[in-house]
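Beneath this line is the structure, given in C-alpha cells, with notes to follow.
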Amino acid sequence: MDCPTCGLGLTTPQCINSHLKVTSQLTKPWSTMRYEEEVVVDLDEEKTAMIVEYDALIRQVENIMLNPKTYGRPEDERYTQRRKLLKDFYEYMFMNPLVAAQVLKDYSEPYPEKAVFVEGYRNFQAWINGIREAYVKSSLYLLCQKTGDLRSAFLALMGLKSLLFVQNFMLSLPKDAIPISASAGGEYELDYGMKVKIYELPGGEAHLYTIENPVIENLPRELQEMMKNAIQEGLREIHQVLDYGTVFDDRSREYTQQFIDKATLEKIPITQEQAIAMGREAAAWVVGLGAPIENIALDRENITDIYIDSENTPIYIEHAKFGLCHTLWRYNHEMLENMFKNIIAAGKGSKRFDHASPIVDVVLTRLAMRCHLQRPPATFGELQAALRIMRDRPFTYPMYINMHTVSPFFAGYDDVMVQLGCSEAVLGLKGVGKTAFTSTKIAAIGTKRRILPIQDIEEIPTKAYRKRGFHIGAVQVQSSDREEIGGGSELDLVSMTNAALRMGDACVIINEIRSRLAVQGVINLLNSQPGIFLLYNLHARSLKDIQDRLELVFGLPAASMFSTDRYSFLWKVRYGRKTRIYRMLGQQYESDVKEHKFVEVFRFERGNSPETSTLKCFFCPMPEAEAKSLSNIDLVKTQKNLKLSFIPPALERRAADSGIDAKQYIMEAFFKGKVYSQIVEAAEKYKQPLLLELDFTLKCTTKANNILKSCTNANGEVDWAAVEREWKKGFASLVENEIRQMAAEEEERASKKKEKGAQKS
C-alpha cells in the first residue's frame with residue numbers, strides 16, 4: 001500500500017477503511033504485506049494472515065448478503081429489517097469490529113406468527129449465529145478487543161504506537177535495538193522526571209534517541225481522557241497571545257488547576273505530580289510545539305538541532321555526543337500547522353508566514369530556539385522546519401578550555417586582542433559554533449565599551465550581557481534573502497551599521513554575513529573607517545576560499561582582506577567513527593599589512609584524543625603556550641624565560657598604538673590563561689559547573705583586570721610578582737564566597753522542597 005500516492009495517512013480511520021475494502025476484493029492470495037509512507041512497515045506471514053482471515057470473512061458476508069434466501073421470504077415484514085442488519089454489520093466491519101459484533105448480538109425479533117415465515121426466521125437466525133461465532137473468533141477481532149479499536153489494532157500489527165492525546169502515531173522501539181549504557185552517556189535524566197535513552201541499531205548508522213515520561217505514560221484512563229478532552233478543546237480555541245514569553249507557563253498552571261478541580265469534583269484520585277505533568281503536556285500541545293519537541297528542548301546540554309523534513313516523517317536530532325540521531329516521533333500536517341502558528345505568534349506580528357512569504361526565521365525566546373520554517377510554494381507541498389537550540393547563557397573561555405576547544409594560552413591571548421579592539425572574522429562551516437564563539441568575546445570587551453550586535457534574528461544573547469552591566473544596543477536588520485530582492489520594513493545591514501555608528505564609537509558585532517550586499521558592505525566599512533572594531537562571522541573553510549569568493553563572486557579585490565586584523569577558523573573534529581563531535585579552533589591568522597601576507601599564529605594539531613591534541617602557537621615556542629593548563633604557571637619565571645619567534649603583526653600594530661611593549665601583552669595572555677585554567681580546576685574540584693558560567697567568570701576577569709591596573713607602572717610595565725600575590729589571595733576569596741553562596745542557595749531549595757513535601761502529604 002503506497003500511502004503517499006493514495007493520499008491517505010497511514011493508520012488514519014479513512015486509510016484503514018479503504019484498505020480493508022481494497023484487500024477484500026483482491027482475487028489472488030498473498031502471504032506478506034508492505035505499507036509505504038515516509039516510513040516502510042513490513043508485515044510477516046503471521047501478521048498478514050490476520051488481515052487475510054478478516055478479508056475472507058468480509059467476502060463470506062458479501063456472499064451471504066447477495067443470496068436473497070438469506071433473509072427469508074420477500075413478503076415477510078422482517079425481510080427489510082434483516083437486510084438492514086447485515087448491511088449495518090458489513091459497514092461496521094470496516095470501521096469498528098467491536099460495534100459490528102455488538103450489532104449482531106443485540107439483534108432480536110419475535111417468533112413469526114405465520115408458519116410460512118418460520119423457515120426463513122430459523123435460517124436467518126442460523127446465519128446470524130454462525131457469522132457472529134466465526135467473527136468473534138477471528139484474530140483481528142480478538143486484537144481489537146485487546147487494544148480497544150480497529151486503529152489501535154492496526155498500530156499494534158505494524159509495531160507502531162499511538163500518541164496518547166492526538167490522532168497520530170509514533171514508531172515502536174525496534175526489537176534489535178541495543179541500549180547504550182549510562183556510563184557511555186546513553187542514559188540520563190531531564191527535568192520533570194523525564195528519562196533519555198539512546199540505542200544502537202544493528203545495520204544502521206544513526207543512533208535512536210528516545211525520551212520516556214513515566215508520569216504521563218502511566219496515567220490512569222480517567223485522567224488520560226480528561227487531558228485528551230482539554231487538549232482537543234484548547235486546539236479549537238482562537239488564541240489571542242499578548243506575551244508569548246509567559247503564555248506557556250500561564251496555560252500550564254491554568255491546566256494544572258483545572259485538572260485538580262475537575263478530578264476533585266468527579267472524585268478521581270490525582271496527585272500534584274500528575275496534575276503538573278498533565279498541565280505541562282496540555283500546554284505543550286495547545287500553545288507550544290507539541291510534547292515531543294518541548295521535551296527534546298529540555299535536553300539543551302546535549303541537543304543542538306531538531307529537524308523535520310516533512311509531515312509524517314520521523315523527527316531527527318543532532319546530538320552533541322552521538323551526532324545525528326533518529327527518533328520515534330512524527331508530526332502530521334495538522335500538528336505542524338498548529339506548531340508553526342504558535343511559533344509565528346512569538347514574533348508578535350513582526351513576521352509573515354504565508355503563500356507570499358513561505359520562508360521565515362523566528363527566535364522563540366522562551367526556549368532560546370531559532371526556528372527556520374518553510375511551506376509551499378518554497379516546498380513541494382510539505383511543511384518543513386529546522387530548529388536550532390541556542391544557549392540562553394553565553395559560552396565563556398573556561399567552558400571552551402573545559403571542552404578542549406582552545407588552549408588556556410589562546411584564551412588569554414584572544415581576551416587581550418579583543419580588549420585591544422582588533423577586528424576579527426570568525427569562520428567555519430555550518431553548525432561549527434561561529435555565533436557562540438563570537439558572542440563569547442563580549443565578556444572580554446567589558447563594560448567600558450559600547451557594543452552593537454547587528455543581526456536579522458536575535459541569536460547573540462544580548463539580554464544576558466545587558467543585565468550584567470554591559471552596554472549593548474541590539475539592532476535588527478533585514479534578512480539576507482530580503483536584501484537581494486528588496487521589500488520589508490527593516491533596513492539593510494550596511495545602512496543600519498552606518499546609522500548606528502553615527503550614534504557614537506562602538507564595537508560592532510555582525511552575525512552571519514550571507515549576502516553579496518552584506519559582504520561588500522562589511523569590506524567597505526573596514527576600508528572606509530580604519531581602526532573600526534568589527535567582529536563578524538561567515539561561512540568559509542580557508543583563506544583561499546574567502547579570497548576566491550571576494551574576487552570571483554563579489555567582484556572585490558582580495559587585498560581588501562587585509563583590513564581585517566584576524567581570521568579564526570573553527571573545525572568539527574571526531575576521534576573515530578563513534579565518538580562525539582568536538583568543535584575546535586582549527587587555525588588563526590593575523591594580517592600583515594606591511595608585507596601584504598597573512599601570518600599563521602595558531603594551528604590545531606590532531607592527536608588520538610582531545611587530551612593528546614594540541615593547539616600549536618607559532619610565535620611563542622614555549623611548552624606553556626601549548627599546555628592544557630596554566631593554573632600553576634609562575635609568571636615571574638615565565639617573564640624571564642619568555643621566548644618569541646616573532647611578534648604577531650596585529651599585536652605589533654596595537655602595541656605601537658598604545659606605546660606598551662608587545663611582550664607585556666603576551667605576558668598578560670599567560671596571566672589570563674592562568675585565570676581561566678584555575679576557574680576550570682575549581683569547577684572540577686568542587687563539582688560545580690556553574691563556576692564555568694558567565695557570572696563567576698566575569699567576577700574573576702574583573703578582579704584580574706583591576707589587579708593588572710594596580711600593579712602597572714607609568715611605562716606600562718607590570719610587576720608580575722605583585723600580580724601573583726594579589727591574584728592568589730583574590731581568587732581564593734572569590735571561590736570561597738561563591739561556594740558558600742551556592743551552598744546557602746542549595747540549602748534553601750532543599751528546605752522549600754521539604755516544606756512542599758510536608759504540605760503535599
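Every chain in the C-alpha cells has a letter given in the order shown (A, B, ...), and although residue numbers restart at 1 in each chain, ligands are simply numbered from 1 in the order shown.
Look at Asn67 (chain A): the protein and nucleic acid residues within 12 Å of it, using only C-alpha atoms and passing over chain neighbours fewer than 6 places away, are Gln60, Val61, Arg73, Arg83, Leu86, Phe124 and Trp127 of chain A.
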Taking N, CA and C atoms for each residue, export the selection above as an mmCIF file, in the first residue's frame.
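Generated output (again19.cif):
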data_model
loop_
_atom_site.group_PDB
_atom_site.id
_atom_site.type_symbol
_atom_site.label_atom_id
_atom_site.label_comp_id
_atom_site.auth_asym_id
_atom_site.auth_seq_id
_atom_site.Cartn_x
_atom_site.Cartn_y
_atom_site.Cartn_z
ATOM 1 N N GLN A 60 -17.121 -13.641 2.705
ATOM 2 C CA GLN A 60 -18.204 -14.574 3.052
ATOM 3 C C GLN A 60 -19.489 -13.813 3.372
ATOM 4 N N VAL A 61 -19.358 -12.725 4.132
ATOM 5 C CA VAL A 61 -20.530 -11.920 4.460
ATOM 6 C C VAL A 61 -21.135 -11.324 3.192
ATOM 7 N N ARG A 73 -38.520 -15.034 3.116
ATOM 8 C CA ARG A 73 -39.432 -14.703 2.020
ATOM 9 C C ARG A 73 -39.575 -13.181 1.898
ATOM 10 N N ARG A 83 -32.187 -7.306 6.022
ATOM 11 C CA ARG A 83 -31.215 -6.777 5.054
ATOM 12 C C ARG A 83 -30.424 -5.601 5.669
ATOM 13 N N LEU A 86 -27.697 -6.853 8.240
ATOM 14 C CA LEU A 86 -26.456 -7.338 7.652
ATOM 15 C C LEU A 86 -25.667 -6.214 6.986
ATOM 16 N N PHE A 124 -32.316 -17.387 8.988
ATOM 17 C CA PHE A 124 -31.619 -16.126 9.224
ATOM 18 C C PHE A 124 -30.931 -16.125 10.586
ATOM 19 N N TRP A 127 -27.795 -18.059 10.247
ATOM 20 C CA TRP A 127 -26.752 -17.256 9.598
ATOM 21 C C TRP A 127 -26.133 -16.270 10.596
#
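Restricting the calculation to only C-alpha atoms, the smallest distance between Phe670 (chain A) and any of A:Ser423, A:Val599, A:Gly412, A:Tyr536 is found for A:Gly412.
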Would you kindly return, as a list of chain:residue names, each protein, DNA or RNA residue with an atom no farther than 6 Å from any atom of region 290-297 of chain A, considering only C-alpha atoms and excluding same-chain residues fewer than 4 positions away? A:Glu281, A:Ala284, A:Trp285
Take the residues just selected and output them with N, CA and C atoms as a tab-separated table (two decimals), in the first residue's frame.
chain	number	residue	atom	x	y	z
A	281	GLU	N	1.84	18.98	29.71
A	281	GLU	CA	1.56	18.25	28.47
A	281	GLU	C	0.47	18.96	27.66
A	284	ALA	N	1.79	22.10	26.14
A	284	ALA	CA	2.72	21.80	25.04
A	284	ALA	C	1.99	21.64	23.72
A	285	TRP	N	0.82	20.99	23.75
A	285	TRP	CA	0.06	20.78	22.52
A	285	TRP	C	-0.74	22.01	22.12
Nearby residues (only C-alpha atoms) at most 12 Å from Leu142 (chain A), same-chain spacing under 6 positions excluded, as a short mmCIF file (atom, residue, chain, number, x, y, z; two decimals) with N, CA and C atoms, in the first residue's frame:
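Resulting contents of selection15.cif:
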data_model
loop_
_atom_site.label_atom_id
_atom_site.label_comp_id
_atom_site.auth_asym_id
_atom_site.auth_seq_id
_atom_site.Cartn_x
_atom_site.Cartn_y
_atom_site.Cartn_z
N MET A 50 -3.64 -12.54 9.62
CA MET A 50 -4.76 -11.96 10.37
C MET A 50 -5.63 -11.09 9.45
N TYR A 54 -9.45 -11.93 8.00
CA TYR A 54 -10.53 -10.95 8.14
C TYR A 54 -11.14 -10.62 6.78
N PRO A 97 -14.86 -3.26 14.49
CA PRO A 97 -15.29 -4.65 14.68
C PRO A 97 -16.05 -4.89 15.97
N LEU A 98 -15.71 -4.16 17.03
CA LEU A 98 -16.40 -4.36 18.31
C LEU A 98 -17.87 -3.95 18.20
N ALA A 101 -19.79 -6.62 16.02
CA ALA A 101 -20.21 -7.81 16.78
C ALA A 101 -21.38 -7.48 17.69
N ALA A 134 -18.12 -17.15 14.14
CA ALA A 134 -16.85 -17.12 13.40
C ALA A 134 -16.15 -15.77 13.56
N TYR A 135 -16.95 -14.71 13.59
CA TYR A 135 -16.40 -13.36 13.62
C TYR A 135 -15.66 -13.07 14.92
N VAL A 136 -16.26 -13.44 16.05
CA VAL A 136 -15.64 -13.13 17.35
C VAL A 136 -14.43 -14.02 17.63
N GLY A 148 -8.67 -2.10 21.93
CA GLY A 148 -9.73 -1.11 22.12
C GLY A 148 -10.48 -0.72 20.87
N ASP A 149 -9.81 -0.67 19.71
CA ASP A 149 -10.50 -0.32 18.47
C ASP A 149 -9.66 -0.79 17.28
N LEU A 150 -10.22 -0.61 16.06
CA LEU A 150 -9.56 -1.11 14.85
C LEU A 150 -8.25 -0.38 14.59
N ALA A 153 -5.60 -1.65 16.80
CA ALA A 153 -5.21 -2.99 16.37
C ALA A 153 -4.23 -2.92 15.21
#
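With only C-alpha atoms as the atoms that count, the minimum distance from Tyr316 (chain A) to the choices A:Met622, A:Leu208, A:Ile389, A:Leu336 is reached by A:Leu208.
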Which residues are near Leu694 (chain A)? Cut-off 10 Å, only C-alpha atoms, ignore same chain within fewer than 3 positions. Put them as a PDB file with C-alpha atoms, in the first residue's frame.
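What follows is the written file selection.pdb:
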ATOM      1  CA  ARG A 393      23.538  31.911  28.638  1.00  0.00           C
ATOM      2  CA  PRO A 394      26.686  32.729  26.636  1.00  0.00           C
ATOM      3  CA  PHE A 395      29.715  30.469  26.399  1.00  0.00           C
ATOM      4  CA  THR A 396      32.855  31.527  28.275  1.00  0.00           C
ATOM      5  CA  TYR A 397      36.583  30.924  27.759  1.00  0.00           C
ATOM      6  CA  PRO A 398      36.690  28.459  30.715  1.00  0.00           C
ATOM      7  CA  MET A 399      33.910  26.454  29.053  1.00  0.00           C
ATOM      8  CA  THR A 440      31.939  34.817  23.923  1.00  0.00           C
ATOM      9  CA  ALA A 443      32.839  39.278  28.027  1.00  0.00           C
ATOM     10  CA  ALA A 464      22.219  38.044  29.351  1.00  0.00           C
ATOM     11  CA  TYR A 465      25.020  40.598  28.998  1.00  0.00           C
ATOM     12  CA  ARG A 468      25.198  42.227  33.936  1.00  0.00           C
ATOM     13  CA  LEU A 690      28.206  26.840  37.415  1.00  0.00           C
ATOM     14  CA  LEU A 691      31.682  28.185  38.143  1.00  0.00           C
ATOM     15  CA  THR A 697      33.952  34.200  35.073  1.00  0.00           C
ATOM     16  CA  LEU A 698      33.126  37.921  34.981  1.00  0.00           C
ATOM     17  CA  LYS A 699      33.916  38.263  38.690  1.00  0.00           C
ATOM     18  CA  CYS A 700      37.320  36.671  38.095  1.00  0.00           C
TER      19      CYS A 700
END
What is the distance, in Å and to one decimal place, between CA of Phe117 (chain A) and CA of Leu104 (chain A)? 20.6 Å
Atom pair CA of Lys47 (chain A) / CA of Ser138 (chain A): separation (Å):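 Distance reported for this atom pair: 12.5 Å.
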Using only C-alpha atoms, which of A:Ser108, A:Ser31, A:Gln145, A:Gln741 sits nearest Asn129 (chain A)?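 The closest residue to Asn129 (chain A) is A:Ser108.
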Rank A:Asp309, A:Glu222, A:Asp2, A:Glu424 by their smallest atom-to-atom distance to Pro269 (chain A), using only C-alpha atoms, and report the top residue only.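 The shortest atom-to-atom distance to Pro269 (chain A) comes from A:Glu222.
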